[in-house]
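Take a look at the structure below.
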Amino acid sequence: VKPVDLMRWLVRLVTPPGGVVLDPFAGTGTTGIAAVLEGFSFIGAEQDEEYAALAEARLSWWAEHGEDSVAAWKVSTGAADEDEEGVEP
(Lines give C-alpha, C1' and ligand atoms only; values in the text may rest on other atoms or scores of the structure.)
Protein backbone atom coordinates (compact mmCIF):
# COMPACT_ATOMS: atom_id res chain seq x y z
CA VAL A 1 0.00 0.00 0.00
CA LYS A 2 1.46 3.35 -1.06
CA PRO A 3 0.80 6.46 1.05
CA VAL A 4 -2.39 8.16 -0.14
CA ASP A 5 -0.86 11.64 0.29
CA LEU A 6 2.01 10.74 -2.06
CA MET A 7 -0.39 9.42 -4.68
CA ARG A 8 -2.58 12.52 -4.34
CA TRP A 9 0.44 14.68 -5.16
CA LEU A 10 1.36 12.48 -8.15
CA VAL A 11 -2.22 12.46 -9.46
CA ARG A 12 -2.39 16.27 -9.28
CA LEU A 13 1.02 16.49 -10.97
CA VAL A 14 0.14 14.45 -14.06
CA THR A 15 -3.65 14.73 -14.51
CA PRO A 16 -5.21 17.72 -16.28
CA PRO A 17 -8.26 19.42 -14.75
CA GLY A 18 -11.33 17.26 -15.32
CA GLY A 19 -9.10 14.37 -16.36
CA VAL A 20 -9.42 10.65 -15.81
CA VAL A 21 -6.82 8.59 -13.94
CA LEU A 22 -6.21 5.13 -15.43
CA ASP A 23 -4.44 2.51 -13.31
CA PRO A 24 -4.10 -0.80 -15.17
CA PHE A 25 -2.48 -2.41 -12.11
CA ALA A 26 -4.80 -1.11 -9.37
CA GLY A 27 -3.59 -3.38 -6.58
CA THR A 28 -5.16 -2.19 -3.31
CA GLY A 29 -6.65 0.94 -4.92
CA THR A 30 -4.45 3.68 -3.46
CA THR A 31 -4.20 5.53 -6.77
CA GLY A 32 -7.98 5.39 -7.15
CA ILE A 33 -8.48 6.75 -3.65
CA ALA A 34 -6.10 9.60 -4.42
CA ALA A 35 -7.84 10.35 -7.72
CA VAL A 36 -11.29 10.46 -6.13
CA LEU A 37 -10.11 12.64 -3.23
CA GLU A 38 -8.61 15.07 -5.76
CA GLY A 39 -11.85 15.21 -7.75
CA PHE A 40 -10.78 13.13 -10.75
CA SER A 41 -12.59 10.22 -12.34
CA PHE A 42 -10.84 6.87 -11.94
CA ILE A 43 -10.64 3.66 -13.96
CA GLY A 44 -8.77 0.78 -12.36
CA ALA A 45 -8.08 -2.79 -13.45
CA GLU A 46 -6.71 -5.62 -11.32
CA GLN A 47 -6.43 -9.27 -12.38
CA ASP A 48 -6.05 -10.69 -8.85
CA GLU A 49 -9.53 -11.15 -7.37
CA GLU A 50 -8.33 -10.69 -3.77
CA TYR A 51 -6.64 -7.39 -4.58
CA ALA A 52 -9.63 -6.25 -6.63
CA ALA A 53 -11.94 -6.95 -3.67
CA LEU A 54 -9.60 -5.11 -1.32
CA ALA A 55 -9.41 -2.13 -3.68
CA GLU A 56 -13.19 -2.04 -4.00
CA ALA A 57 -13.60 -2.11 -0.20
CA ARG A 58 -11.02 0.65 0.32
CA LEU A 59 -12.54 2.85 -2.39
CA SER A 60 -16.00 2.36 -0.87
CA TRP A 61 -14.72 3.27 2.60
CA TRP A 62 -13.11 6.49 1.37
CA ALA A 63 -16.18 7.38 -0.71
CA GLU A 64 -18.42 6.91 2.34
CA HIS A 65 -16.23 8.59 4.95
CA GLY A 66 -14.31 11.17 2.95
CA GLU A 67 -11.29 13.18 3.90
CA ASP A 68 -12.82 14.85 6.97
CA SER A 69 -13.39 11.51 8.68
CA VAL A 70 -9.79 10.51 8.02
CA ALA A 71 -8.54 13.68 9.69
CA ALA A 72 -10.79 12.97 12.68
CA TRP A 73 -9.52 9.38 12.83
CA LYS A 74 -5.90 10.57 12.83
CA VAL A 75 -6.59 13.01 15.67
CA SER A 76 -8.52 10.44 17.74
CA THR A 77 -5.77 7.81 17.40
CA GLY A 78 -2.83 10.17 17.82
CA ALA A 79 -1.72 9.42 14.27
CA ALA A 80 -1.84 13.14 13.47
CA ASP A 81 1.17 13.63 15.75
CA GLU A 82 3.21 10.85 14.16
CA ASP A 83 4.97 10.54 10.82
CA GLU A 84 2.02 9.79 8.49
CA GLU A 85 3.95 7.35 6.31
CA GLY A 86 2.10 4.06 6.41
CA VAL A 87 -0.65 5.35 8.73
CA GLU A 88 -4.09 5.17 7.20
CA PRO A 89 -7.35 3.33 7.80
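By order of appearance in the C-alpha coordinates: chains A, B, ..., then residues from 1 within every chain, and ligands from 1 in the order shown.
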
Hey, which bits of stretch 26-82 of chain A sit within 12 Å of stretch 12-15 of chain A, and for each residue what's the closest pair of atoms and how far apart in Å (one decimal), counting only C-alpha atoms, rows by chain and increasing number, as JSON lines?
```
{"residue": "A:Thr31", "atom": "CA", "partner": "A:Arg12", "partner_atom": "CA", "distance": 11.2}
{"residue": "A:Ala34", "atom": "CA", "partner": "A:Arg12", "partner_atom": "CA", "distance": 9.1}
{"residue": "A:Ala35", "atom": "CA", "partner": "A:Arg12", "partner_atom": "CA", "distance": 8.2}
{"residue": "A:Val36", "atom": "CA", "partner": "A:Arg12", "partner_atom": "CA", "distance": 11.1}
{"residue": "A:Leu37", "atom": "CA", "partner": "A:Arg12", "partner_atom": "CA", "distance": 10.5}
{"residue": "A:Glu38", "atom": "CA", "partner": "A:Arg12", "partner_atom": "CA", "distance": 7.2}
{"residue": "A:Gly39", "atom": "CA", "partner": "A:Arg12", "partner_atom": "CA", "distance": 9.6}
{"residue": "A:Phe40", "atom": "CA", "partner": "A:Thr15", "partner_atom": "CA", "distance": 8.2}
{"residue": "A:Ser41", "atom": "CA", "partner": "A:Thr15", "partner_atom": "CA", "distance": 10.2}
{"residue": "A:Phe42", "atom": "CA", "partner": "A:Thr15", "partner_atom": "CA", "distance": 11.0}
```

Open item on the list: If you run DSSP on the backbone here, which positions in chain A get helix (DSSP H, G or I)? Please write them as a VMD selection string.
Closed with: chain A and resid 4 to 14 30 to 37 49 to 77 79 to 81

Task: Nearest residue to A:Glu49 from the set A:Ile33, A:Ala26, A:Val4, A:Ala71 (distances using only C-alpha atoms) - done: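 Looking at the shortest contact to A:Glu49, the residue is A:Ala26.
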
Open item on the list: Between A:Ala72, A:Gly27, A:Gly18, A:Leu6, which residue has the minimum interatomic distance to A:Arg58, considering only C-alpha atoms?
Closed with: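 Going through A:Ala72, A:Gly27, A:Gly18, A:Leu6 one by one, the smallest distance to A:Arg58 is for A:Gly27.
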
Task: Option closest in space to A:Gly19, from A:His65, A:Leu54, A:Met7, A:Ile43 [counting only C-alpha atoms] - done: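 So, comparing all the options, the nearest one is A:Ile43.
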
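The spacing separating atom CA of A:Lys2 from atom CA of A:Val20 amounts to 19.7 Å.
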
Task: atom CA of A:Arg8 to atom CA of A:Ala45, straight-line distance in Å - done: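 Computing it gives 18.6 Å between the two atoms.
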
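Note that the spacing between atom CA of A:Thr28 and atom CA of A:Val1 amounts to 6.5 Å.
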
Task: Residues near A:Glu56, cut-off 9 Å, only C-alpha atoms, skip fewer than 5 positions along chain, as a list in words - done: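 Final neighbour list, sorted by chain and number: Thr28, Gly29, Tyr51 and Trp61 of chain A.
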
Restricting it to N, CA and C atoms, dump the selection as a PDB file, in the first residue's frame.
```
ATOM      1  N   THR A  28      -4.233  -2.441  -4.420  1.00  0.00           N
ATOM      2  CA  THR A  28      -5.160  -2.188  -3.312  1.00  0.00           C
ATOM      3  C   THR A  28      -5.961  -0.909  -3.482  1.00  0.00           C
ATOM      4  N   GLY A  29      -5.794  -0.207  -4.610  1.00  0.00           N
ATOM      5  CA  GLY A  29      -6.647   0.935  -4.920  1.00  0.00           C
ATOM      6  C   GLY A  29      -6.170   2.291  -4.447  1.00  0.00           C
ATOM      7  N   TYR A  51      -7.015  -8.800  -4.551  1.00  0.00           N
ATOM      8  CA  TYR A  51      -6.638  -7.394  -4.578  1.00  0.00           C
ATOM      9  C   TYR A  51      -7.779  -6.523  -5.089  1.00  0.00           C
ATOM     10  N   TRP A  61     -14.902   2.645   1.280  1.00  0.00           N
ATOM     11  CA  TRP A  61     -14.723   3.266   2.597  1.00  0.00           C
ATOM     12  C   TRP A  61     -14.427   4.756   2.443  1.00  0.00           C
TER      13      TRP A  61
END
```

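For the residues A:Leu10, A:Leu22, A:Ala63, A:Val75, ranking by smallest atom-to-atom distance to A:Glu46 using only C-alpha atoms places A:Leu22 first.
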
Open item on the list: I'd like to know which residues of chain A are strand (DSSP E or B) (by DSSP, run on the backbone); could you write them as a VMD selection string?
Closed with: chain A and resid 20 to 23 41 to 44

Open item on the list: From the options A:Trp62, A:Thr30, A:Ala52, A:Glu67, which residue's atoms come nearest to A:Pro3, counting only C-alpha atoms?
Closed with: A:Thr30
